[in-house]
file coords.csv (CSV, C-alpha atoms and all ligand atoms)
chain,number,residue,atom,x,y,z
A,1,MET,CA,100.2,90.2,82.0
A,2,GLU,CA,96.4,90.1,82.4
A,3,ALA,CA,93.7,92.5,83.6
A,4,ILE,CA,91.2,90.9,86.0
A,5,ARG,CA,87.6,91.8,86.3
A,6,ILE,CA,85.2,90.7,89.0
A,7,GLU,CA,81.6,91.2,88.1
A,8,ASN,CA,78.9,91.1,90.8
A,9,VAL,CA,80.5,88.1,92.6
A,10,ARG,CA,78.7,86.5,95.5
A,11,LYS,CA,79.9,83.6,97.5
A,12,VAL,CA,77.6,82.0,100.1
A,13,PHE,CA,78.9,79.1,102.2
A,14,GLY,CA,76.5,76.5,103.4
A,15,GLY,CA,73.5,78.5,102.3
A,16,THR,CA,73.9,81.0,105.2
A,17,VAL,CA,77.3,82.6,105.4
A,18,THR,CA,77.6,85.4,102.8
A,19,ALA,CA,81.4,85.8,102.4
A,20,LEU,CA,81.2,88.0,99.2
A,21,ASP,CA,78.1,90.1,98.7
A,22,GLY,CA,77.9,91.2,95.0
A,23,LEU,CA,81.4,92.5,94.6
A,24,ASP,CA,82.7,94.4,91.6
A,25,LEU,CA,86.4,95.1,91.0
A,26,GLU,CA,88.8,95.8,88.1
A,27,ILE,CA,92.5,95.1,88.5
A,28,GLY,CA,94.7,96.5,85.8
A,29,ALA,CA,97.2,94.4,83.8
A,30,GLY,CA,100.6,94.5,85.6
A,31,GLU,CA,99.2,96.1,88.7
A,32,LEU,CA,100.2,95.0,92.2
A,33,PHE,CA,96.8,95.2,93.9
A,34,PHE,CA,96.1,94.7,97.6
A,35,LEU,CA,93.0,93.3,99.3
A,36,LEU,CA,92.6,94.6,102.9
A,37,GLY,CA,90.0,94.6,105.6
A,38,GLY,CA,89.1,93.3,109.0
A,39,SER,CA,88.9,89.6,109.8
A,40,GLY,CA,86.1,87.8,108.0
A,41,CYS,CA,85.5,90.5,105.4
A,42,GLY,CA,86.0,88.1,102.5
A,43,LYS,CA,89.6,88.8,101.3
A,44,THR,CA,90.8,85.2,101.2
A,45,THR,CA,87.5,84.0,99.7
A,46,LEU,CA,87.9,86.5,96.9
A,47,LEU,CA,91.5,85.5,96.3
A,48,ARG,CA,90.4,81.8,96.2
A,49,CYS,CA,87.6,82.6,93.8
A,50,ILE,CA,90.2,84.3,91.5
A,51,ALA,CA,92.5,81.3,91.8
A,52,GLY,CA,89.7,78.9,91.0
A,53,LEU,CA,89.9,77.2,94.4
A,54,GLU,CA,86.3,78.4,95.2
A,55,THR,CA,83.4,78.8,92.7
A,56,PRO,CA,81.3,81.9,93.1
A,57,THR,CA,77.6,81.3,93.9
A,58,ASP,CA,76.8,84.1,91.5
A,59,GLY,CA,78.7,86.5,89.2
A,60,LYS,CA,81.7,86.3,86.8
A,61,ILE,CA,85.4,86.5,86.9
A,62,PHE,CA,87.4,87.6,83.7
A,63,PHE,CA,91.1,87.3,83.0
A,64,GLY,CA,91.4,89.8,80.1
A,65,GLU,CA,88.4,89.0,77.9
A,66,THR,CA,88.2,85.4,79.0
A,67,ASP,CA,85.5,84.3,81.4
A,68,VAL,CA,87.3,82.0,83.8
A,69,THR,CA,84.5,81.6,86.3
A,70,ALA,CA,84.1,77.9,85.6
A,71,LEU,CA,87.8,77.2,84.5
A,72,ALA,CA,89.9,74.8,86.6
A,73,PRO,CA,92.7,76.4,88.7
A,74,HIS,CA,95.6,74.9,86.6
A,75,LYS,CA,94.1,76.3,83.4
A,76,ARG,CA,94.0,79.9,84.7
A,77,GLU,CA,97.7,80.6,84.5
A,78,ALA,CA,97.5,82.0,88.0
A,79,ALA,CA,99.9,80.9,90.7
A,80,MET,CA,99.3,81.2,94.4
A,81,VAL,CA,101.8,81.8,97.2
A,82,PHE,CA,100.6,80.9,100.7
A,83,GLN,CA,101.5,82.1,104.2
A,84,SER,CA,102.5,78.5,105.1
A,85,TYR,CA,105.0,77.9,102.3
A,86,ALA,CA,103.4,74.5,101.5
A,87,LEU,CA,106.8,73.0,100.4
A,88,TRP,CA,107.5,69.3,100.4
A,89,PRO,CA,110.1,68.7,103.2
A,90,HIS,CA,111.4,65.5,101.7
A,91,LEU,CA,112.3,67.1,98.4
A,92,THR,CA,115.2,69.4,97.6
A,93,VAL,CA,114.7,73.1,96.7
A,94,GLY,CA,115.0,72.3,93.0
A,95,GLN,CA,112.6,69.3,93.2
A,96,ASN,CA,110.0,71.5,94.9
A,97,ILE,CA,110.3,74.0,92.2
A,98,ALA,CA,110.3,71.4,89.4
A,99,PHE,CA,107.2,69.7,90.7
A,100,GLY,CA,104.6,71.8,88.8
A,101,LEU,CA,106.5,71.4,85.6
A,102,GLU,CA,106.8,67.6,85.9
A,103,GLU,CA,103.1,67.4,86.4
A,104,ARG,CA,102.7,69.4,83.1
A,105,LYS,CA,105.1,66.9,81.4
A,106,VAL,CA,107.6,69.6,80.5
A,107,PRO,CA,110.8,68.0,79.0
A,108,LYS,CA,113.6,67.3,81.5
A,109,ALA,CA,116.2,69.7,80.0
A,110,GLU,CA,113.7,72.5,79.9
A,111,ILE,CA,112.7,71.9,83.6
A,112,LYS,CA,116.4,72.1,84.6
A,113,ARG,CA,116.8,75.4,82.7
A,114,ARG,CA,113.5,76.9,84.1
A,115,VAL,CA,114.3,75.9,87.7
A,116,ALA,CA,117.7,77.5,87.5
A,117,GLU,CA,116.0,80.6,86.0
A,118,ALA,CA,113.4,80.8,88.8
A,119,LEU,CA,116.0,80.4,91.4
A,120,GLU,CA,118.0,83.3,89.9
A,121,MET,CA,114.8,85.4,89.9
A,122,VAL,CA,114.4,85.0,93.7
A,123,ARG,CA,118.2,85.4,94.2
A,124,LEU,CA,118.7,81.8,95.3
A,125,GLY,CA,120.9,80.8,92.4
A,126,GLY,CA,122.9,77.6,93.2
A,127,TYR,CA,120.6,76.5,96.1
A,128,GLY,CA,118.8,73.9,94.0
A,129,ASP,CA,120.3,70.8,95.7
A,130,ARG,CA,119.8,72.0,99.3
A,131,SER,CA,117.2,70.3,101.3
A,132,ILE,CA,114.2,72.4,102.5
A,133,ASP,CA,115.1,72.1,106.2
A,134,GLN,CA,118.5,73.7,105.5
A,135,MET,CA,116.7,76.9,104.3
A,136,SER,CA,115.7,79.8,106.6
A,137,GLY,CA,112.1,81.0,106.8
A,138,GLY,CA,112.9,83.9,104.4
A,139,GLN,CA,114.6,81.5,102.0
A,140,GLN,CA,111.7,79.1,102.1
A,141,GLN,CA,109.4,81.9,101.2
A,142,ARG,CA,111.6,82.6,98.2
A,143,VAL,CA,111.5,79.0,97.2
A,144,SER,CA,107.7,79.1,97.3
A,145,LEU,CA,107.8,82.2,95.1
A,146,ALA,CA,110.2,80.5,92.7
A,147,ARG,CA,107.8,77.5,92.6
A,148,ALA,CA,104.9,79.9,91.7
A,149,LEU,CA,107.0,81.7,89.0
A,150,VAL,CA,108.4,78.7,87.3
A,151,VAL,CA,105.1,77.8,85.6
A,152,LYS,CA,105.2,81.3,84.0
A,153,PRO,CA,101.9,82.5,85.4
A,154,ARG,CA,100.2,85.6,84.2
A,155,CYS,CA,98.8,86.4,87.7
A,156,LEU,CA,100.5,85.9,91.0
A,157,LEU,CA,98.1,85.5,93.9
A,158,LEU,CA,99.6,86.1,97.4
A,159,ASP,CA,97.8,85.2,100.6
A,160,GLU,CA,99.7,86.8,103.6
A,161,PRO,CA,103.0,85.6,102.2
A,162,LEU,CA,105.1,87.4,104.7
A,163,SER,CA,103.3,86.9,108.0
A,164,ASN,CA,105.5,84.1,109.2
A,165,LEU,CA,108.7,86.1,108.8
A,166,ASP,CA,110.3,88.4,111.4
A,167,ALA,CA,109.9,92.2,111.0
A,168,GLN,CA,113.3,92.9,109.3
A,169,LEU,CA,113.0,90.1,106.8
A,170,ARG,CA,109.4,91.2,106.0
A,171,VAL,CA,110.5,94.7,105.0
A,172,GLU,CA,113.3,93.2,102.8
A,173,MET,CA,110.9,90.7,101.2
A,174,ARG,CA,108.4,93.5,100.4
A,175,ARG,CA,110.9,95.0,98.0
A,176,GLU,CA,111.7,91.6,96.5
A,177,ILE,CA,108.1,90.7,95.8
A,178,ARG,CA,107.4,94.0,94.2
A,179,ARG,CA,110.5,93.7,92.1
A,180,ILE,CA,109.6,90.1,91.0
A,181,VAL,CA,106.0,91.2,90.1
A,182,LYS,CA,107.2,94.2,88.1
A,183,GLU,CA,110.2,92.5,86.4
A,184,ASN,CA,108.0,89.6,85.2
A,185,GLY,CA,105.2,91.8,84.1
A,186,LEU,CA,102.7,89.9,86.4
A,187,THR,CA,99.4,91.1,87.7
A,188,GLY,CA,99.7,90.6,91.4
A,189,ILE,CA,96.9,90.3,94.0
A,190,TYR,CA,98.0,90.3,97.6
A,191,VAL,CA,96.0,89.7,100.7
A,192,THR,CA,97.3,91.1,104.0
A,193,HIS,CA,96.3,92.2,107.4
A,194,ASP,CA,99.3,94.5,107.5
A,195,GLN,CA,98.3,98.0,106.4
A,196,GLU,CA,101.8,99.2,106.4
A,197,GLU,CA,102.8,96.4,104.0
A,198,ALA,CA,99.9,97.5,101.7
A,199,LEU,CA,100.8,101.2,101.9
A,200,ALA,CA,104.4,100.5,101.1
A,201,MET,CA,103.9,98.0,98.3
A,202,ALA,CA,100.6,98.6,96.5
A,203,ASP,CA,99.9,100.3,93.2
A,204,ARG,CA,96.2,100.3,94.3
A,205,MET,CA,94.2,98.6,97.0
A,206,ALA,CA,90.7,97.7,97.9
A,207,VAL,CA,89.4,97.9,101.5
A,208,LEU,CA,86.6,95.2,102.0
A,209,SER,CA,83.9,95.3,104.6
A,210,GLY,CA,81.2,92.6,105.0
A,211,GLY,CA,81.9,91.0,101.6
A,212,LYS,CA,81.7,94.3,99.8
A,213,ILE,CA,84.2,97.0,98.6
A,214,ALA,CA,84.3,99.9,101.0
A,215,GLN,CA,86.9,101.8,98.8
A,216,VAL,CA,89.3,101.3,96.0
A,217,GLY,CA,92.3,103.7,95.4
A,218,THR,CA,96.0,104.3,95.5
A,219,PRO,CA,97.6,104.1,99.0
A,220,GLU,CA,97.7,107.9,99.0
A,221,GLU,CA,94.0,108.3,98.0
A,222,ILE,CA,92.9,105.7,100.7
A,223,TYR,CA,95.0,107.4,103.4
A,224,ARG,CA,94.3,111.0,102.6
A,225,THR,CA,90.7,110.8,101.4
A,226,PRO,CA,89.0,107.8,103.1
A,227,VAL,CA,85.3,107.7,102.3
A,228,ASN,CA,84.1,106.5,105.7
A,229,SER,CA,85.3,106.0,109.3
A,230,TYR,CA,85.8,102.3,108.8
A,231,VAL,CA,88.4,102.9,106.0
A,232,ALA,CA,89.9,105.9,107.9
A,233,GLY,CA,90.3,103.7,111.0
A,234,PHE,CA,91.5,100.7,109.2
A,235,ILE,CA,94.3,102.4,107.2
A,236,GLY,CA,96.4,104.3,109.7
A,237,GLU,CA,95.4,105.9,113.0
A,238,THR,CA,92.8,108.6,113.2
A,239,ASN,CA,90.9,110.8,115.6
A,240,LEU,CA,87.1,110.5,115.0
A,241,ILE,CA,84.8,113.3,116.3
A,242,GLU,CA,81.0,113.0,116.0
A,243,GLY,CA,79.0,116.1,115.1
A,244,GLU,CA,76.4,117.7,112.9
A,245,VAL,CA,76.7,119.6,109.6
A,246,MET,CA,76.2,123.4,110.0
A,247,GLU,CA,76.8,124.5,106.4
A,248,MET,CA,78.8,124.0,103.3
A,249,HIS,CA,81.0,126.9,102.2
A,250,ASP,CA,83.6,127.0,99.4
A,251,GLY,CA,83.7,123.3,99.1
A,252,PHE,CA,84.3,122.8,102.9
A,253,CYS,CA,82.0,121.4,105.4
A,254,PHE,CA,81.4,123.2,108.7
A,255,VAL,CA,80.6,120.7,111.5
A,256,LYS,CA,79.3,121.5,115.0
A,257,THR,CA,80.7,119.1,117.6
A,258,ASP,CA,80.3,119.0,121.3
A,259,GLY,CA,83.4,121.0,122.0
A,260,ALA,CA,84.1,123.2,118.9
A,261,ALA,CA,83.2,123.8,115.3
A,262,LEU,CA,85.5,122.0,112.9
A,263,ILE,CA,86.0,122.5,109.2
A,264,GLY,CA,87.1,119.9,106.7
A,265,LYS,CA,86.5,118.5,103.2
A,266,ILE,CA,84.0,115.9,102.1
A,267,THR,CA,85.3,112.7,100.5
A,268,VAL,CA,82.1,110.7,100.2
A,269,PRO,CA,81.2,110.6,96.5
A,270,GLY,CA,77.8,112.1,95.9
A,271,TRP,CA,77.1,113.2,99.5
A,272,GLN,CA,75.3,116.6,99.3
A,273,ALA,CA,75.7,117.5,103.0
A,274,LYS,CA,73.1,119.8,104.4
A,275,ALA,CA,72.5,121.5,107.8
A,276,GLY,CA,71.5,119.0,110.5
A,277,ASP,CA,73.0,115.9,108.8
A,278,ALA,CA,74.9,113.7,111.2
A,279,ALA,CA,78.7,113.8,110.4
A,280,THR,CA,81.9,112.3,111.6
A,281,VAL,CA,85.2,114.3,111.4
A,282,SER,CA,88.4,112.4,110.9
A,283,ILE,CA,91.7,114.1,111.8
A,284,ARG,CA,95.0,112.1,111.4
A,285,PRO,CA,97.4,112.4,114.4
A,286,GLU,CA,100.0,114.0,112.1
A,287,ALA,CA,97.4,116.5,110.7
A,288,TRP,CA,97.3,118.1,114.2
A,289,ARG,CA,100.0,120.7,114.7
A,290,LEU,CA,101.1,121.7,118.2
A,291,HIS,CA,101.8,125.3,118.6
A,292,LYS,CA,101.4,128.1,121.0
A,293,SER,CA,99.7,130.4,118.5
A,294,GLY,CA,96.9,128.8,116.5
A,295,GLY,CA,95.8,128.3,112.9
A,296,GLU,CA,92.8,126.5,111.2
A,297,ASN,CA,90.6,124.3,113.4
A,298,GLU,CA,92.2,125.7,116.5
A,299,ILE,CA,91.5,124.1,119.8
A,300,SER,CA,93.3,124.3,123.2
A,301,GLY,CA,94.2,121.3,125.3
A,302,LYS,CA,96.5,119.7,127.9
A,303,ILE,CA,99.0,117.0,127.2
A,304,THR,CA,98.2,113.9,129.3
A,305,ALA,CA,100.8,111.5,127.9
A,306,ARG,CA,103.7,111.4,125.5
A,307,SER,CA,106.0,108.8,124.0
A,308,TYR,CA,109.4,109.8,122.6
A,309,LEU,CA,110.2,107.7,119.5
A,310,GLY,CA,113.3,109.4,118.1
A,311,GLN,CA,112.2,110.9,114.8
A,312,ARG,CA,108.7,111.4,116.1
A,313,ILE,CA,106.8,112.1,119.4
A,314,GLU,CA,103.3,110.8,120.1
A,315,TYR,CA,101.1,112.8,122.5
A,316,LEU,CA,97.7,112.3,123.9
A,317,VAL,CA,96.0,115.7,124.3
A,318,GLU,CA,92.8,116.2,126.3
A,319,THR,CA,90.6,118.8,124.5
A,320,PRO,CA,87.0,119.9,124.6
A,321,ILE,CA,86.3,117.6,121.5
A,322,GLY,CA,87.8,114.6,123.4
A,323,ARG,CA,91.2,113.1,123.7
A,324,GLN,CA,93.3,113.5,120.6
A,325,GLN,CA,96.2,111.5,119.4
A,326,VAL,CA,98.9,113.8,118.0
A,327,VAL,CA,102.1,112.9,116.2
A,328,GLU,CA,104.9,115.4,115.7
A,329,MET,CA,107.6,114.4,113.1
A,330,ASN,CA,111.1,115.7,113.6
A,331,PRO,CA,110.1,117.6,116.8
A,332,ARG,CA,112.2,120.7,117.7
A,333,ALA,CA,110.6,121.4,121.0
A,334,ILE,CA,109.4,118.6,123.2
A,335,HIS,CA,106.4,119.2,125.3
A,336,GLU,CA,105.9,117.7,128.8
A,337,THR,CA,102.9,116.0,130.3
A,338,GLY,CA,100.7,118.6,131.8
A,339,ASP,CA,101.7,121.4,129.3
A,340,GLU,CA,98.8,123.5,128.0
A,341,VAL,CA,99.0,123.6,124.2
A,342,VAL,CA,97.0,124.8,121.2
A,343,LEU,CA,96.3,122.3,118.4
A,344,HIS,CA,95.4,123.2,114.9
A,345,ALA,CA,94.8,121.3,111.6
A,346,SER,CA,94.5,122.7,108.1
A,347,HIS,CA,91.0,122.5,106.6
A,348,GLY,CA,92.5,120.5,103.7
A,349,ASP,CA,93.8,117.8,106.1
A,350,VAL,CA,90.5,117.2,107.8
A,351,VAL,CA,87.9,114.8,106.4
A,352,VAL,CA,84.2,114.8,107.0
A,353,PHE,CA,82.0,111.7,106.5
A,354,GLY,CA,78.2,111.4,106.6
A,355,LYS,CA,76.4,108.6,108.4
B,401,LIG,P1,90.8,86.7,107.8
B,401,LIG,O1,91.5,88.0,107.7
B,401,LIG,O2,90.4,86.4,109.2
B,401,LIG,O3,91.6,85.6,107.1
B,401,LIG,P2,89.1,87.1,105.4
B,401,LIG,O4,88.8,88.5,105.2
B,401,LIG,O5,90.2,86.4,104.6
B,401,LIG,O6,89.4,86.9,107.0
B,401,LIG,P3,87.4,84.9,104.6
B,401,LIG,O7,88.3,83.9,105.0
B,401,LIG,O8,87.3,85.2,103.1
B,401,LIG,O9,87.7,86.3,105.3
B,401,LIG,O10,86.0,84.6,105.2
B,401,LIG,C1,84.8,85.4,104.9
B,401,LIG,C2,83.6,84.7,105.7
B,401,LIG,O11,83.3,83.5,105.1
B,401,LIG,C3,83.9,84.5,107.1
B,401,LIG,O12,82.7,84.7,107.8
B,401,LIG,C4,84.2,83.0,107.2
B,401,LIG,O13,83.9,82.4,108.4
B,401,LIG,C5,83.4,82.5,106.0
B,401,LIG,N1,84.0,81.3,105.4
B,401,LIG,C6,85.2,81.3,104.7
B,401,LIG,N2,85.5,80.0,104.2
B,401,LIG,C7,84.4,79.3,104.6
B,401,LIG,C8,84.1,77.9,104.4
B,401,LIG,N3,84.9,77.1,103.7
B,401,LIG,N4,82.9,77.4,104.9
B,401,LIG,C9,82.1,78.3,105.6
B,401,LIG,N5,82.4,79.6,105.8
B,401,LIG,C10,83.5,80.1,105.3
call {"tool": "encode", "arguments": {"input": "coords.csv", "output": "structure tokens", "more": "lines below"}}
Ligand code: ATP
result
Amino acid sequence: MEAIRIENVRKVFGGTVTALDGLDLEIGAGELFFLLGGSGCGKTTLLRCIAGLETPTDGKIFFGETDVTALAPHKREAAMVFQSYALWPHLTVGQNIAFGLEERKVPKAEIKRRVAEALEMVRLGGYGDRSIDQMSGGQQQRVSLARALVVKPRCLLLDEPLSNLDAQLRVEMRREIRRIVKENGLTGIYVTHDQEEALAMADRMAVLSGGKIAQVGTPEEIYRTPVNSYVAGFIGETNLIEGEVMEMHDGFCFVKTDGAALIGKITVPGWQAKAGDAATVSIRPEAWRLHKSGGENEISGKITARSYLGQRIEYLVETPIGRQQVVEMNPRAIHETGDEVVLHASHGDVVVFGK
């Protein structure tokens, strides 16, 4: 188990492409930490720098108190699992897993024992003699996990490990990977495009943008108190409404928008909002309540579309502040397209960002 510290890391490719732009990050020992962000934001480059597959242009990387910035990948005790399982098709499951140990000249009897142990860890006990092409996609991903675990790494680095699996298997493997990381006391760093995967699995996560950290926090912190509209829009759905700060009162920010005044809380650290500042209001679809009588942030509207999804209903509601996405969980009454409704959202569920 190892804490990982990234200090002011920059990575410039070919002198012109800045993939990482002075990034600082601390990942706790034994944490399952996620890197998220839009395409090209630097997630994979950061993971490859941690693995030692890329060298930072500037900055340092520490495993515990050891500076590993210049250390070769195989000396870092970090194992990587890829989206393409990168297994040898002509070797058996057991031979694939044993490969890294043979390279390290581990005695034969110990290799046999450790391969069997790694197969048990990923619940593939007894599959060692199978050939790779007799294994399903999910089983192959388990083999690549076993191959990473067999070298007893202190850190497990995962680059979109589940994206080649079908939806049901992905959900099952989420639990498996979390169990494996926790049972083995590993520090796990996981890159994904899948925000739901991150929300479901992560202890904490970082959202990256343009090679920098936009926000770090637990899934709940990132979802409930995003610090800007990029993070709010990247993790989950949200309604964004542009406006201007009117005043601050009792810790809440009053924002004038084109159609109504809205009240919410400020999540941007250090922003002293003052009258006239440009502001963006973020309201999650499930923060809106649909009732005849109103409440906080009340606004009237007309339903223009709805999708019935069993345990929830999604509506589009045309309002003076623009079209709002609204989600009702466990709906009792179902509204029809064309119904006039009143929306309201608690002040505490509404977030206000500065520009
Ligand atoms: P994606 O989600 O699309 O995989 P990412 O967040 O993982 O994206 P990176 O792959 O880290 O992003 O890429 C960050 C930036 O660095 C991009 O602009 C990319 O084109 C560039 N880049 C990455 N690797 C190289 C390389 N070997 N040579 C040149 N540019 C690179």
call {"tool": "residues_near_ligand", "arguments": {"input": "coords.csv", "ligand": "ligand LIG 401 (chain B)", "cutoff": "6 Å", "atoms": "only C-alpha atoms and all ligand atoms", "output": "list in words"}}
result
Phe13, Val17, Ala19, Gly38, Ser39, Gly40, Cys41, Gly42, Lys43, Thr44 and Thr45 of chain A
call {"tool": "closest_atom_pairs", "arguments": {"input": "coords.csv", "of": "range 37-79 of chain A", "to": "range 173-187 of chain A", "cutoff": "12 Å", "atoms": "all atoms listed in the file", "output": "CSV"}}
result
residue,atom,partner,partner_atom,distance
A:Phe63,CA,A:Thr187,CA,10.3
A:Gly64,CA,A:Thr187,CA,11.1
A:Glu77,CA,A:Leu186,CA,10.7
A:Ala78,CA,A:Thr187,CA,9.3
A:Ala79,CA,A:Leu186,CA,10.4
call {"tool": "residues_around", "arguments": {"input": "coords.csv", "residues": "Ala202 in chain A", "least_positions_apart": "3", "cutoff": "7 Å", "atoms": "all atoms listed in the file", "output": "compact mmCIF listing (two decimals) with C-alpha atoms, in the frame of the given file"}}
result
# COMPACT_ATOMS: atom_id res chain seq x y z
CA LEU A 32 100.20 95.00 92.20
CA PHE A 33 96.80 95.20 93.90
CA PHE A 34 96.10 94.70 97.60
CA ALA A 198 99.90 97.50 101.70
CA LEU A 199 100.80 101.20 101.90
CA MET A 205 94.20 98.60 97.00
CA PRO A 219 97.60 104.10 99.00
call {"tool": "atom_distance", "arguments": {"input": "coords.csv", "atom1": "CA of Leu53 in chain A", "atom2": "CA of Glu26 in chain A"}}
result
19.7 Å
call {"tool": "closest_residue", "arguments": {"input": "coords.csv", "among": "A:Ala287, A:Ile213, A:Leu156, A:Ala98", "to": "Gly22 in chain A", "atoms": "only C-alpha atoms"}}
result
A:Ile213
call {"tool": "atom_distance", "arguments": {"input": "coords.csv", "atom1": "CA of Val245 in chain A", "atom2": "CA of Lys265 in chain A"}}
result
11.8 Å
call {"tool": "atom_distance", "arguments": {"input": "coords.csv", "atom1": "CA of Ser163 in chain A", "atom2": "CA of His90 in chain A"}}
result
23.7 Å
call {"tool": "residues_near_point", "arguments": {"input": "coords.csv", "point": "(91.3, 99.8, 95.2)", "cutoff": "7 Å", "atoms": "only C-alpha atoms", "output": "ChimeraX atom specification"}}
result
/A:204-207,215-218
call {"tool": "write_last_selection", "arguments": {"input": "coords.csv", "atoms": "C-alpha atoms", "output": "PDB file, in the frame of the given file"}}
result
ATOM      1  CA  ARG A 204      96.200 100.300  94.300  1.00  0.00           C
ATOM      2  CA  MET A 205      94.200  98.600  97.000  1.00  0.00           C
ATOM      3  CA  ALA A 206      90.700  97.700  97.900  1.00  0.00           C
ATOM      4  CA  VAL A 207      89.400  97.900 101.500  1.00  0.00           C
ATOM      5  CA  GLN A 215      86.900 101.800  98.800  1.00  0.00           C
ATOM      6  CA  VAL A 216      89.300 101.300  96.000  1.00  0.00           C
ATOM      7  CA  GLY A 217      92.300 103.700  95.400  1.00  0.00           C
ATOM      8  CA  THR A 218      96.000 104.300  95.500  1.00  0.00           C
TER       9      THR A 218
END
call {"tool": "closest_residue", "arguments": {"input": "coords.csv", "among": "A:Asp58, A:Glu65, A:Glu314, A:Asp129", "to": "Ile4 in chain A", "atoms": "all atoms listed in the file"}}
result
A:Glu65
call {"tool": "build_atoms", "arguments": {"input": "coords.csv", "residues": "range 213-225 of chain A", "atoms": "N, CA, C and O atoms", "output": "mmCIF file, in the coordinates of the input"}}
result
data_model
loop_
_atom_site.group_PDB
_atom_site.id
_atom_site.type_symbol
_atom_site.label_atom_id
_atom_site.label_comp_id
_atom_site.auth_asym_id
_atom_site.auth_seq_id
_atom_site.Cartn_x
_atom_site.Cartn_y
_atom_site.Cartn_z
ATOM 1 N N ILE A 213 83.068 96.013 98.662
ATOM 2 C CA ILE A 213 84.200 97.000 98.600
ATOM 3 C C ILE A 213 83.787 98.236 99.339
ATOM 4 O O ILE A 213 82.775 98.855 99.013
ATOM 5 N N ALA A 214 84.590 98.621 100.316
ATOM 6 C CA ALA A 214 84.300 99.900 101.000
ATOM 7 C C ALA A 214 84.978 101.037 100.190
ATOM 8 O O ALA A 214 84.407 102.116 100.066
ATOM 9 N N GLN A 215 86.176 100.805 99.641
ATOM 10 C CA GLN A 215 86.900 101.800 98.800
ATOM 11 C C GLN A 215 87.986 101.210 98.041
ATOM 12 O O GLN A 215 88.643 100.266 98.495
ATOM 13 N N VAL A 216 88.212 101.751 96.852
ATOM 14 C CA VAL A 216 89.300 101.300 96.000
ATOM 15 C C VAL A 216 90.160 102.589 95.699
ATOM 16 O O VAL A 216 89.593 103.636 95.399
ATOM 17 N N GLY A 217 91.481 102.497 95.752
ATOM 18 C CA GLY A 217 92.300 103.700 95.400
ATOM 19 C C GLY A 217 93.767 103.389 95.563
ATOM 20 O O GLY A 217 94.167 102.286 95.958
ATOM 21 N N THR A 218 94.578 104.395 95.260
ATOM 22 C CA THR A 218 96.000 104.300 95.500
ATOM 23 C C THR A 218 96.212 104.401 97.025
ATOM 24 O O THR A 218 95.320 104.893 97.740
ATOM 25 N N PRO A 219 97.387 103.978 97.523
ATOM 26 C CA PRO A 219 97.600 104.100 99.000
ATOM 27 C C PRO A 219 97.378 105.568 99.429
ATOM 28 O O PRO A 219 96.752 105.795 100.459
ATOM 29 N N GLU A 220 97.832 106.535 98.630
ATOM 30 C CA GLU A 220 97.700 107.900 99.000
ATOM 31 C C GLU A 220 96.199 108.349 99.086
ATOM 32 O O GLU A 220 95.760 109.024 100.011
ATOM 33 N N GLU A 221 95.435 107.926 98.056
ATOM 34 C CA GLU A 221 94.000 108.300 98.000
ATOM 35 C C GLU A 221 93.289 107.681 99.264
ATOM 36 O O GLU A 221 92.473 108.333 99.896
ATOM 37 N N ILE A 222 93.603 106.410 99.552
ATOM 38 C CA ILE A 222 92.900 105.700 100.700
ATOM 39 C C ILE A 222 93.315 106.412 101.992
ATOM 40 O O ILE A 222 92.480 106.636 102.856
ATOM 41 N N TYR A 223 94.577 106.760 102.115
ATOM 42 C CA TYR A 223 95.000 107.400 103.400
ATOM 43 C C TYR A 223 94.547 108.791 103.538
ATOM 44 O O TYR A 223 94.074 109.171 104.595
ATOM 45 N N ARG A 224 94.629 109.557 102.460
ATOM 46 C CA ARG A 224 94.300 111.000 102.600
ATOM 47 C C ARG A 224 92.836 111.292 102.393
ATOM 48 O O ARG A 224 92.349 112.273 102.925
ATOM 49 N N THR A 225 92.127 110.470 101.608
ATOM 50 C CA THR A 225 90.700 110.800 101.400
ATOM 51 C C THR A 225 89.846 109.516 101.569
ATOM 52 O O THR A 225 89.165 109.064 100.647
#
